[in-house]
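Engineer: This is the structure I want to talk about, given as structure tokens.
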Amino acid sequence: MRILLEILRREHAGAKPYVQCIPYETDDAAATVATALRQINADPGTVDADGAPVGEIRWECSCLQKKCGACAMVIGGVPRLACDARLSECGERVRIEPLRKFPVIADLIVDRSILFENLKTMQLWMQEAAAAEGRAVDTAYEASRCLQCGCCLEICPNWYAGGVFFGTAAIVPTSRLLTTLPDAVQKELRRAYRKHLYGGCGKSLACRKVCPAGIDIDGLLVNSNAIAVWRRRRK
Amino acid sequence: MQRIHIIGAGLAGLSAAVTLGAAGIPCHLISLQPSERAQSVLAEGGINAALDTMGEGDTPEQHFQDTMRGGVYLADPNAVANLTGGAPEIVRRLESLGVPFNRGEHDLILRNFGGQKRKRTAYVKSSTGKIIMTALIDEARKYEAAGLIRRLPHHAFLRLMKENGQCTGVRIRDCYSGMTADLPGTVLLCSGGMNGLFPGMTTGTTQNSGDVTAAVFAQGAALGNPEMLQYHPTTVGIPGKRMLVTEAARGEGGRLYILRGGEKWYFMEELHPELGNLSPRDVVARTMYFVRREHGGSVYLDMTALPEDTWQKKLSDLREEIEHYLAIDPKTEPIPVQEGIHYFMGGLDTDAEHRTNLPGLYAAGECTCQYHGANRLGGNSMLGALYGGRRAAQTILREGLQEAPDQQPEFREMPDALDAPASPGFIRPVSDILLSGLGIVRNEQALDAALGALARLHPENAREENRLALAQAMLLGARERRESRGAHYREDYPQQDDSLRKTTIAVFADGQVHVTFRPLPERRM
């Protein structure tokens with residue numbers, strides 16, 4: 001399999017971006033964009049389509065099995081994980097870019113710290129000890145699966161960094177607490193939910209299509225809206 | 001109060017950070033990537049605690065006995081007694097943080113796991129690590145908002161700061177800016193296993209390179225049992241790594257077989273009838289190796305007889321994963337599996353209170369040699385990380401606090417000999433050499449050859465030198481341990497030798513690796 005990787009590169013945040021086209025060949029039908037990036041970086045002799053040295057392509061990766069969210073980037077125009085993007089599905093050439101809504105650090109690395117700052121603003125932690133029981137077990141499980149990769153925010157028509165709306169990356173983890181915590185300690189959390197999550201969501205649900213973990217975002221939204229907005233705890 | 005510097009933001013690091021936070025003591029949580037990307041999120045099958053919710057009369061003492069036997073009596077019995085005694089409280093604490101463990105009508109359901117005679121493993125389907133991490137990250141956020149935990153989540157450990165043989169702080173680099181800072185104070189390493197010595201051959205993450213262990217080893221920290229690495233019996237190859245198929249697959253009824261004369265032979269059930277498919281991992285992996293050597297072909301994991309309810313409630317995530325990566329539905333078709341490097345029982349040598357040999361330096365989690373002896377039981381790694389992180393923090397609270405102002409790190413341009421990474425052209429041969437000596441079955445000839453091949457390599461920078469020393473320690477430990485015990489099987493010394501029921505200690509001094517054996521302490525009642 002031969003494929004041309006068109007990688008949007010940038011030496012550092014202030015540098016001019018450019019597209020580097022790198023031919024890549026593999027016999028492995030299961031090879032992913034992550035496989036290609038790792039192999040290119042492991043071979044210091046790699047050259048681009050013009051014969052220029054490629055050097056190290058900076059990107060973040062960790063688990064290589066779509067469980068950690070480190071390698072989120074825009075591949076063929078869609079935000080997804082590099083370790084989940086099979087080259088065999090990409091055609092003869094594929095554009096690989098960093099997530100566009102976050103500040104670029106270098107090449108494919110972006111600074112996603114806003115994700116975590118938003119969760120802090122939401123005060124997402126257990127206000128008191130509480131075990132997940134009954135229906136909360138399933139909801140808390142689903143909500144705990146969020147990778148904090150940022151793909152949902154990249155695709156969202158309503159989210160931008162620094163805005164009041166915190167997006168699905170905050171909706172999902174908030175669901176865990178709304179479901180698990182007793183009503184009596186939820187007042188502030190419900191208020192934050194309405195302000196930062198419910199109010200800004202346009203329900204396009206584009207996030208549902210790109211979530212690498214396949215989280216049941218609709219289900220969590222319905223559940224959290226019922227608790228935080230309509231004050232109904234679903235039986 | 002001066003901040004404690006925790007290197008690593010997985011389960012052990014987070015556990016330590018929230019323990020310090022609860023005591024009002026500030027810390028830095030320093031990691032290459034945020035906690036969400038830590039290897040702990042990959043842990044699957046569960047966490048052990050003798051909660052006895054299944055009416056089997058389980059006790060911490062039985063958990064202790066199983067852990068010691070599983071580790072072939074090479075773990076510090078006092079540390080293990082602390083661990084198993086503390087386990088129920090650890091799991092109840094997680095429950096109170098909202099971890100949605102699988103539950104029965106009244107309490108948690110515990111599942112069978114390898115090497116254990118009681119149902120003892122609390123779990124969340126087969127994504128236990130990820131789900132526990134989410135709860136613990138939320139808890140850490142509480143202390144972060146209070147200013148007690150300061151996360152430095154794109155920062156690399158470079159080296160310890162040392163004075164007169166003591167650890168006095170740590171030098172780190174901001175991987176975004178490239179700038180470096182020296183942080184004075186007590187250091188706790190929770191930096192994970194040494195996967196980076198075997199790139200592509202382990203179930204772990206790319207972040208756990210082993211570079212931290214290599215650097216502190218070169219700076220005088222001793223290693224314990226560096227030869228002890230665990231091959232998990234059921235892994236599959238996916239691009240760039242081995243992927244774990246959780247032991248819970250067998251805990252819930254999965255069976256291993258190989259074709260013998262065209263017939264399925266469920267060899268574990270015949271050769272190891274007491275625990276069968278759920279024998280300790282070293283036993284299963286070694287048996288797989290031998291039956292494959294004799295009969296050829298693959299070993300298969302057969303889960304086709306598992307009831308629908310089990311797939312839905314306990315293993316739905318595992319089924320999705322196997323279907324995604326192997327295009328096999330394990331509900332209807334057995335999957336070919338192979339042993340893969342999964343865990344490092346050896347690592348930084350610590351006492352039962354998680355002190356290293358360098359005053360001022362503590363360690364917890366997979367980077368340490370602690371709790372698991374010659375073979376770790378499934379379900380004990382998350383427990384070891386959570387309990388160890390907490391225990392280490394408690395030790396620091398007793399003796400490692402320093403009255404000095406809490407200063408913001410000052411990052412500046414500061415070249416360091418450890419700036420240059422190990423090159424792929426060096427990493428690959430080291431890995432090949434290690435694999436040639438440290439397989440499931442080992443012998444002196446192969447180990448000598450591996451040591452000779454290592455000696456012929458030419459490291460070109462400090463990281464490569466450190467990596468070489470670490471690799472030598474692993475091979476020397478394996479050569480000098482002339483017996484078979486747990487994960488260390490020597491075909492030239494197939495028997496266990498009680499005179500070697502000692503911890504292998506490796507130190508780096510005068511430019512050389514030295515290996516000795518240290519007796520284990522007796523258990524205090």
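Each chain in the structure tokens gets a letter, A, B and so on, in the order shown; residues start at 1 in every chain, and ligands are counted from 1 in the order they appear.
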Env of A:Ala213: 12 Å cut, atoms = only C-alpha atoms, seq-sep filter 6 positions within chain, self excluded. Answer as an MDAnalysis selection string.
Structural biologist: (chainID A and resid 65:69 72 80:81 84 142:152 169 172 207) or (chainID B and resid 130 317 320:321)
Engineer: May I ask you to extract the residues of chain B within 7 Å of chain A, using only C-alpha atoms, and to give them as a list of chain:residue names?
Structural biologist: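 Every residue meeting the condition is included here: B:Glu36, B:Arg37, B:Gln39, B:Val41, B:Leu42, B:Glu95, B:Ser96, B:Leu97, B:Gly98, B:Val99, B:Pro100, B:Lys130, B:Ile131, B:Thr134, B:Asp138, B:Glu139, B:Arg141, B:Lys142, B:Ala145, B:Tyr176, B:Gly204, B:Thr205, B:Thr206, B:Gln207, B:Pro239, B:Gly240, B:Pro424.
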Engineer: Could you please write out, as a VMD selection string, every residue of stretch 1-188 of chain A that DSSP assigns to helix (DSSP H, G or I)?
Structural biologist: chain A and resid 33 to 42 82 to 84 87 to 89 113 to 121 135 to 144 151 to 155 168 to 180 183 to 185 187 to 188
Engineer: When you look at stretch 449-465 of chain B with a cut-off of 7 Å (counting only C-alpha atoms), what residues show up, excluding the ones that are within fewer than 5 positions of it in the same chain? I need them as a list of chain:residue names.
Structural biologist: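 Counting only C-alpha atoms, the residues come to B:Ala417, B:Leu418, B:Ala420, B:Pro421, B:Ala422, B:Val430, B:Ile433, B:Leu434, B:Ser436, B:Gly437, B:Gln472, B:Leu475.
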Engineer: Ranking B:Ala38, B:Ala352, B:Leu476, B:Cys27 by minimum distance to B:Leu83 and counting only C-alpha atoms, which one comes first?
Structural biologist: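 The shortest atom-to-atom distance to B:Leu83 comes from B:Ala352.
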Engineer: Using DSSP secondary structure from the backbone, list all strand (DSSP E) positions within stretch 288-327 of chain B, as a list in words.
Structural biologist: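 Selecting the strand (DSSP E) positions of stretch 288-327 of chain B gives Val299, Tyr300, Leu301 and Asp302 of chain B.
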Engineer: Could you take the residues named above and write them with N, CA and C atoms, as a PDB file, in the first residue's frame?
Structural biologist:
```pdb
ATOM      1  N   VAL B 299      -1.692 -20.922  20.212  1.00  0.00           N
ATOM      2  CA  VAL B 299      -2.589 -21.186  21.342  1.00  0.00           C
ATOM      3  C   VAL B 299      -3.816 -20.303  21.143  1.00  0.00           C
ATOM      4  N   TYR B 300      -4.987 -20.863  21.434  1.00  0.00           N
ATOM      5  CA  TYR B 300      -6.232 -20.107  21.255  1.00  0.00           C
ATOM      6  C   TYR B 300      -6.910 -19.886  22.602  1.00  0.00           C
ATOM      7  N   LEU B 301      -7.562 -18.743  22.695  1.00  0.00           N
ATOM      8  CA  LEU B 301      -8.406 -18.448  23.855  1.00  0.00           C
ATOM      9  C   LEU B 301      -9.851 -18.644  23.413  1.00  0.00           C
ATOM     10  N   ASP B 302     -10.499 -19.566  24.063  1.00  0.00           N
ATOM     11  CA  ASP B 302     -11.853 -19.956  23.663  1.00  0.00           C
ATOM     12  C   ASP B 302     -12.862 -19.382  24.658  1.00  0.00           C
TER      13      ASP B 302
END
```
Engineer: For A:Ala170, which residue out of A:Ile114, A:Ile40, A:Ile155, A:Val210 is the nearest one, using only C-alpha atoms?
Structural biologist: A:Ile114
Engineer: Of the residues B:Ile505, B:Met179, B:Met288, B:Leu278, which is the one nearest to B:Asp349, using only C-alpha atoms?
Structural biologist: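 Result for the nearest residue to B:Asp349: B:Ile505.
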Engineer: May I have the residues within 12 Å of B:Ala215 as a tab-separated table (two decimals) with N, CA and C atoms, in the first residue's frame, using only C-alpha atoms and disregarding those fewer than 2 positions away in the same chain?
Structural biologist:
```
chain	number	residue	atom	x	y	z
B	157	PHE	N	11.02	14.46	33.26
B	157	PHE	CA	12.07	14.31	34.27
B	157	PHE	C	13.42	14.28	33.55
B	158	LEU	N	14.37	15.04	34.05
B	158	LEU	CA	15.72	14.96	33.47
B	158	LEU	C	16.69	14.24	34.40
B	159	ARG	N	16.77	14.71	35.64
B	159	ARG	CA	17.71	14.10	36.59
B	159	ARG	C	17.36	14.52	38.01
B	160	LEU	N	17.89	13.76	38.95
B	160	LEU	CA	17.78	14.16	40.35
B	160	LEU	C	18.82	15.23	40.63
B	161	MET	N	18.50	16.11	41.55
B	161	MET	CA	19.54	16.97	42.11
B	161	MET	C	20.06	16.25	43.36
B	170	VAL	N	14.75	17.88	41.91
B	170	VAL	CA	14.64	17.28	40.59
B	170	VAL	C	14.75	18.36	39.51
B	171	ARG	N	15.38	17.98	38.42
B	171	ARG	CA	15.43	18.88	37.26
B	171	ARG	C	14.44	18.37	36.22
B	189	LEU	N	9.05	9.16	42.94
B	189	LEU	CA	8.97	8.66	41.57
B	189	LEU	C	7.81	7.68	41.42
B	191	SER	N	6.91	6.63	38.08
B	191	SER	CA	7.13	6.83	36.64
B	191	SER	C	6.88	5.59	35.79
B	194	MET	N	9.27	-0.21	32.47
B	194	MET	CA	10.38	0.07	31.54
B	194	MET	C	10.06	-0.40	30.13
B	209	SER	N	8.99	4.96	29.20
B	209	SER	CA	10.18	4.62	28.44
B	209	SER	C	11.23	3.91	29.28
B	210	GLY	N	11.13	4.03	30.60
B	210	GLY	CA	12.20	3.51	31.46
B	210	GLY	C	13.33	4.50	31.64
B	211	ASP	N	13.24	5.64	30.97
B	211	ASP	CA	14.33	6.62	31.05
B	211	ASP	C	14.51	7.18	32.47
B	212	VAL	N	13.40	7.32	33.21
B	212	VAL	CA	13.52	7.84	34.57
B	212	VAL	C	14.28	6.83	35.43
B	213	THR	N	13.85	5.57	35.33
B	213	THR	CA	14.54	4.53	36.10
B	213	THR	C	16.02	4.47	35.71
B	217	PHE	N	19.03	5.26	38.29
B	217	PHE	CA	19.95	4.14	38.51
B	217	PHE	C	21.39	4.63	38.31
B	218	ALA	N	21.59	5.37	37.23
B	218	ALA	CA	22.93	5.90	36.95
B	218	ALA	C	23.36	6.90	38.02
B	219	GLN	N	22.38	7.48	38.71
B	219	GLN	CA	22.70	8.45	39.76
B	219	GLN	C	22.81	7.81	41.14
B	220	GLY	N	22.73	6.50	41.20
B	220	GLY	CA	23.00	5.84	42.48
B	220	GLY	C	21.82	5.15	43.13
B	221	ALA	N	20.63	5.24	42.55
B	221	ALA	CA	19.49	4.52	43.14
B	221	ALA	C	19.62	3.04	42.80
B	222	ALA	N	19.38	2.19	43.80
B	222	ALA	CA	19.54	0.74	43.59
B	222	ALA	C	18.28	0.16	42.95
B	223	LEU	N	18.49	-0.91	42.18
B	223	LEU	CA	17.36	-1.65	41.60
B	223	LEU	C	17.18	-2.96	42.36
B	348	LEU	N	12.96	0.07	40.96
B	348	LEU	CA	13.69	0.76	42.03
B	348	LEU	C	13.47	0.06	43.35
B	417	ALA	N	22.97	17.42	29.78
B	417	ALA	CA	23.51	16.28	29.03
B	417	ALA	C	22.41	15.29	28.65
B	418	LEU	N	21.29	15.34	29.39
B	418	LEU	CA	20.21	14.39	29.11
B	418	LEU	C	19.18	14.96	28.13
B	462	ALA	N	24.22	10.61	26.96
B	462	ALA	CA	24.02	10.19	28.35
B	462	ALA	C	22.81	9.27	28.49
B	463	ARG	N	21.75	9.56	27.74
B	463	ARG	CA	20.57	8.69	27.84
B	463	ARG	C	20.88	7.28	27.36
B	464	GLU	N	21.65	7.20	26.31
B	464	GLU	CA	22.02	5.87	25.81
B	464	GLU	C	22.92	5.15	26.82
B	465	GLU	N	23.81	5.88	27.46
B	465	GLU	CA	24.66	5.27	28.50
B	465	GLU	C	23.80	4.73	29.64
B	466	ASN	N	22.82	5.54	30.06
B	466	ASN	CA	21.94	5.12	31.16
B	466	ASN	C	21.14	3.87	30.78
B	467	ARG	N	20.64	3.88	29.56
B	467	ARG	CA	19.83	2.76	29.07
B	467	ARG	C	20.69	1.48	29.02
B	468	LEU	N	21.91	1.66	28.61
B	468	LEU	CA	22.82	0.51	28.55
B	468	LEU	C	23.05	-0.07	29.95
B	469	ALA	N	23.25	0.80	30.92
B	469	ALA	CA	23.48	0.33	32.29
B	469	ALA	C	22.25	-0.42	32.82
B	470	LEU	N	21.07	0.11	32.52
B	470	LEU	CA	19.83	-0.53	32.97
B	470	LEU	C	19.69	-1.91	32.32
B	508	PHE	N	24.84	0.90	40.38
B	508	PHE	CA	25.78	1.40	39.39
B	508	PHE	C	26.80	2.26	40.11
```
Engineer: Considering only C-alpha atoms, return as a ChimeraX atom specification whatever protein or nucleic-acid residues lie within 8 Å of stretch 189-198 of chain A, sequence-local ones (same chain, fewer than 5 positions apart) excluded.
Structural biologist: /A:122-124,164-168,170-171,174,178,225,227-229
Engineer: Residues as selected, C-alpha atoms, written as a PDB file, in the first residue's frame, can you do that?
Structural biologist:
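So the final result, stored in result.pdb, reads:
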```pdb
ATOM      1  CA  MET A 122     -17.091  23.441  36.648  1.00  0.00           C
ATOM      2  CA  GLN A 123     -15.796  22.218  40.023  1.00  0.00           C
ATOM      3  CA  LEU A 124     -16.037  18.643  38.870  1.00  0.00           C
ATOM      4  CA  VAL A 164     -18.761  30.240  28.113  1.00  0.00           C
ATOM      5  CA  PHE A 165     -19.869  26.966  26.523  1.00  0.00           C
ATOM      6  CA  PHE A 166     -17.588  24.145  27.621  1.00  0.00           C
ATOM      7  CA  GLY A 167     -18.818  21.497  25.171  1.00  0.00           C
ATOM      8  CA  THR A 168     -19.242  17.762  25.259  1.00  0.00           C
ATOM      9  CA  ALA A 170     -17.319  18.719  29.953  1.00  0.00           C
ATOM     10  CA  ILE A 171     -20.892  17.455  29.506  1.00  0.00           C
ATOM     11  CA  THR A 174     -20.392  16.201  34.525  1.00  0.00           C
ATOM     12  CA  LEU A 178     -24.956  14.589  38.426  1.00  0.00           C
ATOM     13  CA  ASN A 225     -30.689  17.697  31.256  1.00  0.00           C
ATOM     14  CA  ILE A 227     -31.447  16.268  36.427  1.00  0.00           C
ATOM     15  CA  ALA A 228     -29.901  19.715  36.036  1.00  0.00           C
ATOM     16  CA  VAL A 229     -32.537  21.544  34.003  1.00  0.00           C
TER      17      VAL A 229
END
```
Engineer: With a distance cut-off of 7 Å and only C-alpha atoms, select the neighbouring residues of B:Leu358, excluding the residue or stretch itself and same-chain residues fewer than 6 positions from it, and output the selection as a list of chain:residue names.
Structural biologist: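 In the requested format, the answer is B:Gly165, B:Gln166, B:Cys167, B:Ala221.
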Engineer: Would you mind exporting C-alpha atoms of the selected residues as a PDB file, in the first residue's frame?
Structural biologist:
```pdb
ATOM      1  CA  GLY B 165      24.540  11.261  48.445  1.00  0.00           C
ATOM      2  CA  GLN B 166      21.108  12.690  49.166  1.00  0.00           C
ATOM      3  CA  CYS B 167      18.373  13.587  46.727  1.00  0.00           C
ATOM      4  CA  ALA B 221      19.490   4.520  43.138  1.00  0.00           C
TER       5      ALA B 221
END
```
